[in-house]
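Structure file upload-v2.cif (mmCIF, C-alpha atoms and all ligand atoms) follows.
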data_upload
loop_
_atom_site.label_atom_id
_atom_site.label_comp_id
_atom_site.auth_asym_id
_atom_site.auth_seq_id
_atom_site.Cartn_x
_atom_site.Cartn_y
_atom_site.Cartn_z
CA MET A 1 -80.72 140.90 -120.55
CA LYS A 2 -79.18 138.29 -122.83
CA LYS A 3 -79.13 134.64 -121.89
CA LEU A 4 -76.06 132.58 -121.06
CA GLN A 5 -77.03 128.94 -121.32
CA LEU A 6 -75.03 126.21 -119.61
CA LYS A 7 -74.28 122.78 -121.06
CA ARG A 8 -76.22 119.80 -119.77
CA GLY A 9 -75.16 118.86 -116.24
CA GLU A 10 -73.00 121.97 -115.84
CA ASP A 11 -75.55 123.72 -113.63
CA ARG A 12 -74.87 121.49 -110.63
CA ARG A 13 -72.26 123.69 -108.92
CA ALA A 14 -74.25 126.89 -109.42
CA ARG A 15 -77.41 125.18 -108.15
CA ALA A 16 -75.47 124.16 -105.02
CA GLY A 17 -74.82 127.85 -104.39
CA HIS A 18 -71.45 128.49 -106.04
CA LEU A 19 -71.19 131.83 -107.85
CA TRP A 20 -68.69 131.10 -110.62
CA ILE A 21 -69.35 129.83 -114.14
CA PHE A 22 -66.29 128.58 -116.02
CA SER A 23 -66.01 129.17 -119.74
CA ASN A 24 -66.07 125.43 -120.56
CA GLU A 25 -69.46 125.13 -118.83
CA ALA A 26 -71.19 127.63 -121.09
CA ASP A 27 -73.01 126.23 -124.10
CA THR A 28 -71.10 128.33 -126.59
CA GLY A 29 -72.88 126.63 -129.48
CA LYS A 30 -76.04 128.43 -128.34
CA THR A 31 -74.45 131.64 -127.09
CA PRO A 32 -70.84 132.24 -128.13
CA LEU A 33 -69.05 134.11 -125.35
CA THR A 34 -67.79 136.57 -127.95
CA ASP A 35 -71.40 137.82 -128.22
CA PHE A 36 -70.97 139.42 -124.81
CA SER A 37 -68.95 142.41 -123.77
CA ALA A 38 -66.85 142.42 -120.59
CA GLY A 39 -69.00 143.30 -117.58
CA GLU A 40 -72.33 142.78 -119.33
CA ASP A 41 -75.39 141.58 -117.38
CA VAL A 42 -76.85 138.20 -118.36
CA ILE A 43 -79.39 135.65 -117.18
CA VAL A 44 -77.76 132.27 -116.57
CA THR A 45 -79.92 129.28 -117.41
CA ASP A 46 -79.48 125.53 -117.37
CA SER A 47 -79.54 123.51 -120.59
CA ARG A 48 -83.34 123.45 -120.56
CA GLY A 49 -83.63 127.19 -120.15
CA SER A 50 -84.67 127.43 -116.50
CA VAL A 51 -83.16 130.38 -114.66
CA ILE A 52 -80.22 129.86 -112.27
CA GLY A 53 -79.54 133.51 -111.59
CA SER A 54 -78.16 136.78 -112.91
CA ALA A 55 -74.48 137.29 -113.57
CA CYS A 56 -71.98 139.60 -115.20
CA VAL A 57 -69.90 138.13 -118.00
CA ASN A 58 -66.29 138.46 -118.93
CA PRO A 59 -65.72 136.61 -122.22
CA HIS A 60 -61.92 136.90 -121.81
CA SER A 61 -61.71 135.23 -118.42
CA LEU A 62 -61.62 131.55 -117.44
CA ILE A 63 -64.34 132.42 -114.94
CA CYS A 64 -66.62 133.69 -117.65
CA ALA A 65 -69.50 134.78 -115.40
CA ARG A 66 -70.08 135.50 -111.70
CA ILE A 67 -73.58 135.26 -110.29
CA HIS A 68 -74.72 138.30 -108.29
CA ALA A 69 -78.44 137.49 -107.82
CA ARG A 70 -80.62 134.41 -107.79
CA ASN A 71 -83.46 136.16 -109.58
CA CYS A 72 -83.40 138.24 -112.77
CA GLN A 73 -81.73 141.45 -111.66
CA PRO A 74 -78.98 143.43 -113.34
CA MET A 75 -76.01 144.59 -111.25
CA ASP A 76 -77.28 148.14 -111.12
CA ALA A 77 -77.19 150.92 -108.54
CA ASP A 78 -80.14 149.46 -106.58
CA LEU A 79 -78.56 146.05 -106.24
CA LEU A 80 -75.14 147.45 -105.35
CA ARG A 81 -76.61 149.82 -102.78
CA ALA A 82 -78.58 147.02 -101.12
CA ARG A 83 -75.58 144.70 -101.01
CA ILE A 84 -73.10 147.31 -99.74
CA SER A 85 -75.56 148.53 -97.07
CA ASP A 86 -76.05 144.94 -96.01
CA ALA A 87 -72.29 144.38 -95.74
CA LEU A 88 -71.96 147.59 -93.72
CA SER A 89 -74.68 146.66 -91.26
CA LEU A 90 -73.04 143.28 -90.57
CA ARG A 91 -69.74 145.04 -89.77
CA GLN A 92 -71.50 147.54 -87.54
CA ARG A 93 -73.01 144.63 -85.66
CA LEU A 94 -69.64 142.89 -85.36
CA PHE A 95 -67.41 145.80 -84.43
CA HIS A 96 -67.64 148.81 -82.22
CA ASP A 97 -65.12 150.86 -84.18
CA PRO A 98 -65.12 151.60 -87.93
CA TYR A 99 -61.99 149.59 -88.78
CA TYR A 100 -62.69 146.47 -90.82
CA ARG A 101 -63.01 144.83 -94.20
CA LEU A 102 -66.28 146.42 -95.26
CA VAL A 103 -66.83 144.24 -98.34
CA PHE A 104 -65.33 140.82 -98.97
CA GLY A 105 -66.24 139.93 -102.56
CA GLU A 106 -68.17 136.69 -103.02
CA GLY A 107 -68.60 136.34 -99.24
CA ASP A 108 -70.77 139.47 -99.36
CA PHE A 109 -72.42 138.50 -102.68
CA LEU A 110 -70.39 141.22 -104.40
CA PRO A 111 -68.04 139.25 -106.66
CA GLY A 112 -64.94 141.20 -107.60
CA LEU A 113 -65.19 143.91 -104.94
CA VAL A 114 -63.15 144.30 -101.76
CA ILE A 115 -63.26 147.41 -99.59
CA ASP A 116 -61.25 147.98 -96.42
CA ARG A 117 -62.27 150.73 -94.04
CA TYR A 118 -59.96 152.74 -91.82
CA ASP A 119 -62.55 155.00 -90.27
CA SER A 120 -62.98 157.65 -92.96
CA HIS A 121 -60.29 156.28 -95.29
CA LEU A 122 -61.19 153.50 -97.70
CA THR A 123 -59.18 151.21 -99.95
CA PHE A 124 -60.81 149.45 -102.89
CA GLN A 125 -59.60 146.36 -104.68
CA ILE A 126 -61.59 145.78 -107.83
CA THR A 127 -60.80 142.51 -109.58
CA THR A 128 -63.51 142.07 -112.23
CA ALA A 129 -64.37 143.99 -115.37
CA ALA A 130 -67.98 144.12 -114.13
CA MET A 131 -67.06 145.99 -110.94
CA GLU A 132 -64.55 148.19 -112.76
CA ALA A 133 -67.30 149.29 -115.15
CA ARG A 134 -69.47 150.22 -112.17
CA ARG A 135 -66.74 151.96 -110.19
CA ASP A 136 -68.37 155.38 -110.26
CA ILE A 137 -71.71 154.01 -109.07
CA ILE A 138 -69.98 152.17 -106.23
CA SER A 139 -68.06 155.31 -105.27
CA GLU A 140 -71.28 157.28 -105.16
CA ILE A 141 -73.01 154.70 -102.96
CA VAL A 142 -70.07 154.56 -100.58
CA HIS A 143 -69.99 158.35 -100.41
CA ASP A 144 -73.67 158.37 -99.45
CA LEU A 145 -73.19 155.71 -96.79
CA ILE A 146 -69.87 156.72 -95.26
CA ALA A 147 -68.72 160.04 -96.74
CA PRO A 148 -65.04 159.00 -96.76
CA ALA A 149 -62.28 161.59 -96.50
CA SER A 150 -60.16 159.61 -98.94
CA VAL A 151 -60.33 156.63 -101.25
CA CYS A 152 -57.48 154.57 -102.63
CA PHE A 153 -58.02 152.28 -105.62
CA ASP A 154 -55.41 149.59 -105.27
CA ASN A 155 -54.92 148.37 -108.82
CA THR A 156 -51.81 146.38 -107.99
CA VAL A 157 -53.69 143.10 -107.45
CA ALA A 158 -52.48 140.43 -109.90
CA ALA A 159 -56.02 139.01 -110.32
CA ARG A 160 -56.95 142.11 -112.33
CA SER A 161 -54.87 140.97 -115.27
CA LEU A 162 -57.00 137.80 -115.57
CA GLU A 163 -59.92 140.09 -116.35
CA GLY A 164 -57.96 142.24 -118.78
CA LEU A 165 -57.77 145.15 -116.32
CA GLU A 166 -54.80 147.46 -115.89
CA THR A 167 -52.45 146.49 -113.03
CA GLY A 168 -49.65 148.19 -111.20
CA SER A 169 -50.90 151.53 -110.00
CA ARG A 170 -52.67 152.99 -107.01
CA LEU A 171 -55.08 155.83 -107.61
CA PHE A 172 -56.07 158.22 -104.87
CA GLU A 173 -59.01 160.53 -104.32
CA GLY A 174 -59.51 163.04 -101.52
CA ASN A 175 -57.22 163.78 -98.59
CA VAL A 176 -55.05 160.70 -98.32
CA PRO A 177 -53.08 160.69 -95.07
CA ASP A 178 -49.37 159.81 -94.99
CA GLU A 179 -50.13 156.94 -92.68
CA LEU A 180 -53.15 155.01 -91.55
CA HIS A 181 -54.18 154.68 -87.92
CA VAL A 182 -55.73 151.26 -87.49
CA LEU A 183 -57.64 150.33 -84.37
CA GLU A 184 -57.68 146.60 -83.70
CA ASN A 185 -58.33 144.75 -80.44
CA GLY A 186 -57.91 148.03 -78.55
CA ILE A 187 -54.47 148.75 -80.07
CA THR A 188 -53.72 151.55 -82.52
CA TYR A 189 -51.31 150.44 -85.22
CA ILE A 190 -49.68 152.86 -87.60
CA ALA A 191 -49.46 151.52 -91.16
CA PRO A 192 -48.24 153.07 -94.40
CA ALA A 193 -51.05 154.61 -96.44
CA LYS A 194 -49.73 155.46 -99.88
CA ASP A 195 -46.83 153.05 -100.03
CA GLY A 196 -48.30 150.20 -97.98
CA GLN A 197 -49.02 146.62 -98.98
CA LYS A 198 -52.31 145.28 -100.25
CA THR A 199 -55.01 147.51 -98.82
CA GLY A 200 -52.83 148.93 -96.00
CA TYR A 201 -53.42 146.51 -93.14
CA PHE A 202 -54.21 142.80 -92.76
CA TYR A 203 -57.52 142.72 -90.91
CA ASP A 204 -57.93 139.01 -91.56
CA GLN A 205 -55.62 138.10 -88.63
CA ARG A 206 -57.55 140.15 -86.04
CA ASP A 207 -58.83 137.23 -83.93
CA ASN A 208 -55.55 135.34 -84.24
CA HIS A 209 -53.56 138.39 -83.07
CA ARG A 210 -55.77 138.52 -79.99
CA LEU A 211 -55.57 134.80 -79.21
CA CYS A 212 -51.80 134.80 -79.60
CA ALA A 213 -51.44 137.90 -77.42
CA GLY A 214 -53.37 136.13 -74.66
CA LEU A 215 -50.39 133.79 -74.20
CA ALA A 216 -47.75 136.46 -74.18
CA GLU A 217 -47.28 137.57 -70.56
CA GLY A 218 -43.55 137.54 -69.82
CA CYS A 219 -42.64 136.04 -73.21
CA ASP A 220 -39.82 136.77 -75.61
CA VAL A 221 -41.53 136.97 -79.00
CA LEU A 222 -40.31 136.54 -82.56
CA ASP A 223 -42.68 138.00 -85.18
CA VAL A 224 -41.57 136.81 -88.62
CA PHE A 225 -43.21 138.38 -91.71
CA SER A 226 -44.29 141.01 -89.23
CA TYR A 227 -45.53 143.74 -91.59
CA VAL A 228 -46.38 146.50 -89.05
CA GLY A 229 -46.27 144.11 -86.08
CA GLY A 230 -49.80 142.65 -85.95
CA PHE A 231 -48.73 139.70 -83.80
CA GLY A 232 -45.69 141.08 -81.96
CA VAL A 233 -47.19 144.41 -80.94
CA ALA A 234 -50.37 142.71 -79.68
CA CYS A 235 -48.12 140.45 -77.56
CA MET A 236 -46.20 143.46 -76.23
CA LYS A 237 -49.45 145.20 -75.30
CA ASN A 238 -50.35 142.04 -73.37
CA GLY A 239 -47.22 141.95 -71.25
CA ALA A 240 -44.58 140.28 -73.42
CA SER A 241 -40.99 141.03 -72.38
CA SER A 242 -39.41 141.64 -75.78
CA CYS A 243 -40.00 141.28 -79.49
CA VAL A 244 -37.88 140.74 -82.57
CA TYR A 245 -39.62 141.73 -85.80
CA VAL A 246 -38.47 140.31 -89.14
CA ASP A 247 -39.64 141.60 -92.51
CA SER A 248 -38.11 142.32 -95.89
CA SER A 249 -39.74 145.76 -95.96
CA ALA A 250 -37.92 148.64 -94.24
CA ARG A 251 -41.09 150.72 -94.37
CA ALA A 252 -43.05 148.02 -92.50
CA LEU A 253 -40.30 147.66 -89.89
CA ALA A 254 -40.22 151.40 -89.25
CA CYS A 255 -43.90 151.08 -88.33
CA CYS A 256 -43.13 148.06 -86.11
CA ALA A 257 -40.64 150.09 -84.12
CA ARG A 258 -43.14 152.89 -83.57
CA ASN A 259 -46.05 150.56 -82.82
CA HIS A 260 -43.88 148.60 -80.38
CA GLU A 261 -42.76 151.73 -78.56
CA ALA A 262 -46.34 153.00 -78.31
CA SER A 263 -47.58 149.71 -76.84
CA ALA A 264 -44.62 148.84 -74.62
CA PRO A 265 -42.45 151.89 -74.05
CA GLY A 266 -38.86 151.01 -73.20
CA ARG A 267 -39.21 147.25 -73.56
CA PRO A 268 -36.63 145.62 -75.87
CA CYS A 269 -37.38 145.76 -79.59
CA GLU A 270 -35.26 144.54 -82.51
CA CYS A 271 -36.17 145.04 -86.14
CA LEU A 272 -34.39 142.83 -88.67
CA GLN A 273 -34.72 143.71 -92.31
CA SER A 274 -33.98 140.41 -93.97
CA ASP A 275 -35.31 137.52 -95.92
CA ALA A 276 -37.21 135.47 -93.35
CA PHE A 277 -35.46 132.19 -94.12
CA ASP A 278 -32.03 133.80 -93.74
CA ALA A 279 -33.05 135.56 -90.53
CA LEU A 280 -34.31 132.30 -88.98
CA LYS A 281 -31.02 130.54 -89.79
CA ASP A 282 -29.05 133.49 -88.46
CA LEU A 283 -30.94 133.65 -85.19
CA ARG A 284 -30.38 129.92 -84.77
CA SER A 285 -26.68 130.21 -85.42
CA HIS A 286 -26.50 132.90 -82.74
CA GLY A 287 -28.16 130.55 -80.25
CA ARG A 288 -31.30 132.66 -79.94
CA SER A 289 -34.61 131.20 -78.79
CA PHE A 290 -38.11 132.53 -78.04
CA ASP A 291 -41.28 131.68 -76.13
CA ILE A 292 -43.52 132.61 -79.04
CA VAL A 293 -42.56 132.40 -82.72
CA SER A 294 -45.10 133.63 -85.28
CA ILE A 295 -44.65 132.94 -89.00
CA ASP A 296 -47.15 134.61 -91.32
CA PRO A 297 -45.74 134.48 -94.85
CA PRO A 298 -47.32 135.78 -98.06
CA ALA A 299 -49.09 133.03 -100.03
CA PHE A 300 -46.47 130.51 -101.22
CA ILE A 301 -49.09 128.67 -103.30
CA LYS A 302 -50.87 131.04 -105.63
CA ARG A 303 -51.80 128.59 -108.39
CA ARG A 304 -52.43 124.86 -108.40
CA LYS A 305 -49.19 124.23 -110.27
CA ASP A 306 -47.20 125.90 -107.46
CA TYR A 307 -48.52 123.42 -104.90
CA LYS A 308 -45.50 121.16 -104.53
CA GLU A 309 -42.94 123.93 -104.47
CA GLY A 310 -45.07 126.01 -102.12
CA LEU A 311 -45.65 123.10 -99.78
CA ASN A 312 -41.90 122.61 -99.56
CA ALA A 313 -41.45 126.27 -98.68
CA TYR A 314 -43.99 125.90 -95.85
CA ARG A 315 -42.14 122.78 -94.67
CA ARG A 316 -38.76 124.52 -94.62
CA LEU A 317 -40.16 127.61 -92.95
CA ASN A 318 -41.96 125.71 -90.20
CA TYR A 319 -38.91 123.56 -89.56
CA LEU A 320 -36.64 126.60 -89.21
CA ALA A 321 -39.10 128.49 -87.01
CA LEU A 322 -39.59 125.51 -84.72
CA GLN A 323 -35.85 125.33 -84.04
CA LEU A 324 -36.18 128.67 -82.24
CA VAL A 325 -39.11 127.77 -79.98
CA ARG A 326 -38.16 127.15 -76.34
CA ASP A 327 -39.37 124.10 -74.49
CA GLY A 328 -43.01 124.75 -73.61
CA GLY A 329 -43.18 127.72 -75.98
CA PHE A 330 -45.60 128.33 -78.84
CA LEU A 331 -45.35 128.15 -82.61
CA VAL A 332 -47.96 130.36 -84.28
CA THR A 333 -48.03 129.23 -87.88
CA SER A 334 -50.22 130.89 -90.51
CA SER A 335 -50.94 130.34 -94.17
CA CYS A 336 -53.01 132.53 -96.48
CA SER A 337 -52.73 130.10 -99.41
CA GLN A 338 -56.26 129.00 -100.20
CA LEU A 339 -54.88 125.86 -101.83
CA LEU A 340 -53.11 124.74 -98.64
CA SER A 341 -55.82 123.20 -96.46
CA GLY A 342 -55.95 123.44 -92.69
CA ASP A 343 -55.07 119.74 -92.56
CA ASP A 344 -52.10 120.33 -94.87
CA LEU A 345 -50.75 123.02 -92.56
CA ARG A 346 -51.31 120.85 -89.50
CA ARG A 347 -49.35 118.05 -91.20
CA VAL A 348 -46.54 120.45 -92.10
CA ALA A 349 -46.26 121.46 -88.44
CA ALA A 350 -46.61 117.85 -87.28
CA THR A 351 -43.73 116.70 -89.48
CA ALA A 352 -41.48 119.55 -88.36
CA CYS A 353 -42.26 118.69 -84.72
CA ALA A 354 -41.71 114.96 -85.22
CA LYS A 355 -38.31 115.61 -86.82
CA GLN A 356 -37.28 117.73 -83.84
CA ASN A 357 -38.72 115.37 -81.23
CA ILE A 358 -41.31 117.84 -80.06
CA HIS A 359 -44.70 116.92 -78.65
CA PRO A 360 -47.07 119.24 -80.55
CA ARG A 361 -50.15 120.37 -78.67
CA LEU A 362 -52.51 122.16 -81.03
CA ILE A 363 -54.41 124.54 -78.78
CA TYR A 364 -56.05 126.77 -81.38
CA ALA A 365 -56.94 126.54 -85.06
CA GLY A 366 -57.94 129.98 -86.30
CA ARG A 367 -59.25 131.37 -89.54
CA GLN A 368 -59.89 134.71 -91.21
CA GLY A 369 -61.84 137.19 -89.11
CA MET A 370 -65.60 137.64 -89.32
CA ASP A 371 -65.31 140.64 -91.61
CA HIS A 372 -64.04 138.15 -94.24
CA PRO A 373 -67.18 135.99 -94.43
CA VAL A 374 -66.79 132.64 -96.16
CA HIS A 375 -69.35 131.74 -98.81
CA CYS A 376 -70.41 128.30 -97.58
CA ALA A 377 -70.57 126.87 -101.11
CA MET A 378 -67.23 128.36 -102.16
CA PRO A 379 -64.11 126.90 -100.56
CA GLU A 380 -62.22 129.52 -102.59
CA THR A 381 -63.39 132.17 -100.11
CA ALA A 382 -61.84 130.40 -97.07
CA TYR A 383 -58.12 131.01 -97.27
CA LEU A 384 -56.52 131.87 -93.94
CA LYS A 385 -55.35 129.34 -91.36
CA CYS A 386 -53.55 130.06 -88.13
CA LEU A 387 -52.48 127.29 -85.78
CA ILE A 388 -51.13 127.81 -82.29
CA ILE A 389 -49.10 124.85 -81.14
CA GLN A 390 -47.44 124.40 -77.77
CA CYS A 391 -44.09 122.71 -78.29
CA THR A 392 -42.80 120.42 -75.57
CA HIS A 393 -39.34 119.05 -76.18
CA GLN A 394 -39.09 115.30 -75.64
CA PRO A 395 -36.00 113.36 -74.66
CA ARG A 396 -34.20 111.87 -77.64
CA PRO A 397 -34.70 108.13 -78.08
CA GLU A 398 -31.94 106.31 -76.23
CA ALA A 399 -29.69 103.76 -77.84
CA LEU A 400 -31.26 100.31 -77.93
CA LYS A 401 -30.89 98.96 -74.39
CA TYR A 402 -31.52 95.29 -74.87
CA THR A 403 -29.84 92.77 -77.05
CA LEU A 404 -31.98 90.27 -78.86
CA LYS A 405 -31.11 87.72 -76.24
CA ASP A 406 -32.29 90.09 -73.47
CA THR A 407 -35.61 90.65 -75.19
CA GLY A 408 -35.94 86.89 -75.57
CA ASP A 409 -35.39 86.57 -71.81
CA MET A 410 -37.96 89.30 -71.19
CA ALA A 411 -40.44 87.47 -73.37
CA ASP A 412 -39.76 84.31 -71.38
CA SER A 413 -40.34 86.07 -68.08
CA LEU A 414 -43.67 87.39 -69.35
CA GLN A 415 -44.96 83.91 -70.15
N1 LIG B 501 -48.02 139.26 -89.87
C1 LIG B 501 -48.63 140.44 -90.44
C2 LIG B 501 -48.95 140.32 -91.91
C3 LIG B 501 -47.85 139.78 -92.77
S1 LIG B 501 -48.01 140.12 -94.46
C4 LIG B 501 -49.86 140.78 -89.64
O1 LIG B 501 -50.27 139.98 -88.80
O2 LIG B 501 -50.41 141.85 -89.84
C5 LIG B 501 -46.55 139.43 -95.09
C6 LIG B 501 -45.29 140.23 -94.83
O3 LIG B 501 -44.20 139.44 -95.29
C7 LIG B 501 -45.17 141.54 -95.58
O4 LIG B 501 -44.94 142.57 -94.65
C8 LIG B 501 -43.95 141.38 -96.51
O5 LIG B 501 -43.15 142.55 -96.57
C9 LIG B 501 -43.20 140.29 -95.83
N2 LIG B 501 -42.37 139.44 -96.68
C10 LIG B 501 -42.65 138.92 -97.89
N3 LIG B 501 -41.66 138.09 -98.30
C11 LIG B 501 -40.73 138.10 -97.32
C12 LIG B 501 -39.50 137.41 -97.13
N4 LIG B 501 -39.01 136.56 -98.04
N5 LIG B 501 -38.80 137.63 -96.00
C13 LIG B 501 -39.27 138.48 -95.06
N6 LIG B 501 -40.43 139.13 -95.18
C14 LIG B 501 -41.16 138.94 -96.29
#
As structure tokens, what does this structure read like?
Ligand code: SAH
Amino acid sequence: MKKLQLKRGEDRRARAGHLWIFSNEADTGKTPLTDFSAGEDVIVTDSRGSVIGSACVNPHSLICARIHARNCQPMDADLLRARISDALSLRQRLFHDPYYRLVFGEGDFLPGLVIDRYDSHLTFQITTAAMEARRDIISEIVHDLIAPASVCFDNTVAARSLEGLETGSRLFEGNVPDELHVLENGITYIAPAKDGQKTGYFYDQRDNHRLCAGLAEGCDVLDVFSYVGGFGVACMKNGASSCVYVDSSARALACCARNHEASAPGRPCECLQSDAFDALKDLRSHGRSFDIVSIDPPAFIKRRKDYKEGLNAYRRLNYLALQLVRDGGFLVTSSCSQLLSGDDLRRVAATACAKQNIHPRLIYAGRQGMDHPVHCAMPETAYLKCLIIQCTHQPRPEALKYTLKDTGDMADSLQ
């Protein structure tokens, strides 16, 4: 394997466990990145030549190499088989049923590879040239381990373009069903298979769905950005009285209606196909209110330069959602923007509550489920936050009761 040497001092992050090498950290005087082809195996060394690990290079990407081993080992069939088997055995330990994110990229020491499992149906998201080049090997390994009935390669992920990979299409192999049956927390959700979003279902909210549902007995629920009803349907299954689902996707809402009916036959269900912000304003203007309001938007902050605008969108959304929460009810606010920290989201909720004179009791701060393991040295792999806040309405401040003279008298009487 060729050598990719880092500049002096640029080995610190990788030595602390991080897996990414940025192109400005490579000593291109010694080894020009153009010497490498996309996906090629290299040994990464510090400026003095001592080995940091093995990586695959992409000379066209800002992240020019991703470490996949701490010794000298190419990303070959043996390594991939060991890593995928390892990821599988963790999931089998965590879950009784075969419905989970089987591989979560860097968190599973498999940079650039995500696989979701719906029993015998798999969805792949490949986001690096290195993994794309090894797609057939990965398929073979997965066939040996799981023998899937169908595989979908979701090439719609925007991150692929950063690696010079084709974006926009989904490719299917095998017998792809019309819809997926997803078992989560003892509930079967139906989700679109071929025309779904991302990999078909959002497993990352599993624990948060369950925690939220635990509060739901007798509640009227509003599930905004519902997709197929992850939050609302779990609440219905746990004794909620009614649910309104809001999403911009008609296909997702059709699943909500079916999932709702299967979990809570005959209990009231409304599906609103609308922009979430408009729907929240509309519900408010119709005097509607709820015991539980969940907001789970797509990432508003995708890149650092979107931070300010995205933060404002979170502020507006949380403010609007909070207006619909009844006294003593719960706001369930999520963010999947990695760049919005847990503290940021808490502050967003705090400000919205302060403006509406609500005492905010944070009772739960959740994260992505355990099948999305965080790489401890890589904050980039921790992205999901979910806060559950009980909202107690406080009396408005009264008009000032005392004149200055009165307060002077009070001060006198205290002396
Ligand atoms: N809450 C879901 C996951 C939500 S994914 C769960 O727990 O499983 C985000 C959803 O937001 C998608 O279904 C998408 O269709 C929807 N969406 C995106 N932008 C929207 C908008 N402006 N208004 C309403 N829905 C939107």
Protein and nucleic residues near ligand LIG 501 (chain B), 10 Å, all atoms listed in the file, as a PDB file with C-alpha atoms, keeping the file's coordinate frame:
ATOM      1  CA  TYR A 189     -51.310 150.440 -85.220  1.00  0.00           C
ATOM      2  CA  ALA A 191     -49.460 151.520 -91.160  1.00  0.00           C
ATOM      3  CA  GLY A 196     -48.300 150.200 -97.980  1.00  0.00           C
ATOM      4  CA  GLN A 197     -49.020 146.620 -98.980  1.00  0.00           C
ATOM      5  CA  LYS A 198     -52.310 145.280-100.250  1.00  0.00           C
ATOM      6  CA  GLY A 200     -52.830 148.930 -96.000  1.00  0.00           C
ATOM      7  CA  TYR A 201     -53.420 146.510 -93.140  1.00  0.00           C
ATOM      8  CA  PHE A 202     -54.210 142.800 -92.760  1.00  0.00           C
ATOM      9  CA  TYR A 203     -57.520 142.720 -90.910  1.00  0.00           C
ATOM     10  CA  ASP A 204     -57.930 139.010 -91.560  1.00  0.00           C
ATOM     11  CA  GLN A 205     -55.620 138.100 -88.630  1.00  0.00           C
ATOM     12  CA  ARG A 206     -57.550 140.150 -86.040  1.00  0.00           C
ATOM     13  CA  ASN A 208     -55.550 135.340 -84.240  1.00  0.00           C
ATOM     14  CA  HIS A 209     -53.560 138.390 -83.070  1.00  0.00           C
ATOM     15  CA  ASP A 223     -42.680 138.000 -85.180  1.00  0.00           C
ATOM     16  CA  VAL A 224     -41.570 136.810 -88.620  1.00  0.00           C
ATOM     17  CA  PHE A 225     -43.210 138.380 -91.710  1.00  0.00           C
ATOM     18  CA  SER A 226     -44.290 141.010 -89.230  1.00  0.00           C
ATOM     19  CA  TYR A 227     -45.530 143.740 -91.590  1.00  0.00           C
ATOM     20  CA  VAL A 228     -46.380 146.500 -89.050  1.00  0.00           C
ATOM     21  CA  GLY A 229     -46.270 144.110 -86.080  1.00  0.00           C
ATOM     22  CA  GLY A 230     -49.800 142.650 -85.950  1.00  0.00           C
ATOM     23  CA  PHE A 231     -48.730 139.700 -83.800  1.00  0.00           C
ATOM     24  CA  GLY A 232     -45.690 141.080 -81.960  1.00  0.00           C
ATOM     25  CA  VAL A 233     -47.190 144.410 -80.940  1.00  0.00           C
ATOM     26  CA  ALA A 234     -50.370 142.710 -79.680  1.00  0.00           C
ATOM     27  CA  TYR A 245     -39.620 141.730 -85.800  1.00  0.00           C
ATOM     28  CA  VAL A 246     -38.470 140.310 -89.140  1.00  0.00           C
ATOM     29  CA  ASP A 247     -39.640 141.600 -92.510  1.00  0.00           C
ATOM     30  CA  SER A 248     -38.110 142.320 -95.890  1.00  0.00           C
ATOM     31  CA  SER A 249     -39.740 145.760 -95.960  1.00  0.00           C
ATOM     32  CA  ALA A 250     -37.920 148.640 -94.240  1.00  0.00           C
ATOM     33  CA  ARG A 251     -41.090 150.720 -94.370  1.00  0.00           C
ATOM     34  CA  ALA A 252     -43.050 148.020 -92.500  1.00  0.00           C
ATOM     35  CA  LEU A 253     -40.300 147.660 -89.890  1.00  0.00           C
ATOM     36  CA  LEU A 272     -34.390 142.830 -88.670  1.00  0.00           C
ATOM     37  CA  GLN A 273     -34.720 143.710 -92.310  1.00  0.00           C
ATOM     38  CA  SER A 274     -33.980 140.410 -93.970  1.00  0.00           C
ATOM     39  CA  ASP A 275     -35.310 137.520 -95.920  1.00  0.00           C
ATOM     40  CA  ALA A 276     -37.210 135.470 -93.350  1.00  0.00           C
ATOM     41  CA  PHE A 277     -35.460 132.190 -94.120  1.00  0.00           C
ATOM     42  CA  ASP A 278     -32.030 133.800 -93.740  1.00  0.00           C
ATOM     43  CA  ALA A 279     -33.050 135.560 -90.530  1.00  0.00           C
ATOM     44  CA  LEU A 280     -34.310 132.300 -88.980  1.00  0.00           C
ATOM     45  CA  SER A 294     -45.100 133.630 -85.280  1.00  0.00           C
ATOM     46  CA  ILE A 295     -44.650 132.940 -89.000  1.00  0.00           C
ATOM     47  CA  ASP A 296     -47.150 134.610 -91.320  1.00  0.00           C
ATOM     48  CA  PRO A 297     -45.740 134.480 -94.850  1.00  0.00           C
ATOM     49  CA  PRO A 298     -47.320 135.780 -98.060  1.00  0.00           C
ATOM     50  CA  ALA A 299     -49.090 133.030-100.030  1.00  0.00           C
ATOM     51  CA  PHE A 300     -46.470 130.510-101.220  1.00  0.00           C
ATOM     52  CA  SER A 334     -50.220 130.890 -90.510  1.00  0.00           C
ATOM     53  CA  CYS A 336     -53.010 132.530 -96.480  1.00  0.00           C
TER      54      CYS A 336
END
Name all residues at most 6 Å from Cys219 in chain A (count all atoms listed in the file; drop same-chain ones fewer than 5 positions away) and give them as a VMD selection string.
-> chain A and resid 240 to 241 291
Using only C-alpha atoms, find the one residue out of A:Ala149, A:Cys56, A:Ala350, A:Val332 that sits nearest to Phe36 in chain A.
-> A:Cys56
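CA of Val57 in chain A is positioned 10.3 Å from CA of Glu163 in chain A.
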If you count all atoms listed in the file, which residues fall within 8 Å of range 153-161 of chain A, apart from same-chain ones fewer than 4 positions away, as a ChimeraX atom specification?
-> /A:123-128,165-172,198-199
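Residue nearest Gln368 in chain A within the list A:His286, A:Arg303, A:His60, A:Lys385: A:Lys385 [criterion: smallest interatomic distance, only C-alpha atoms].
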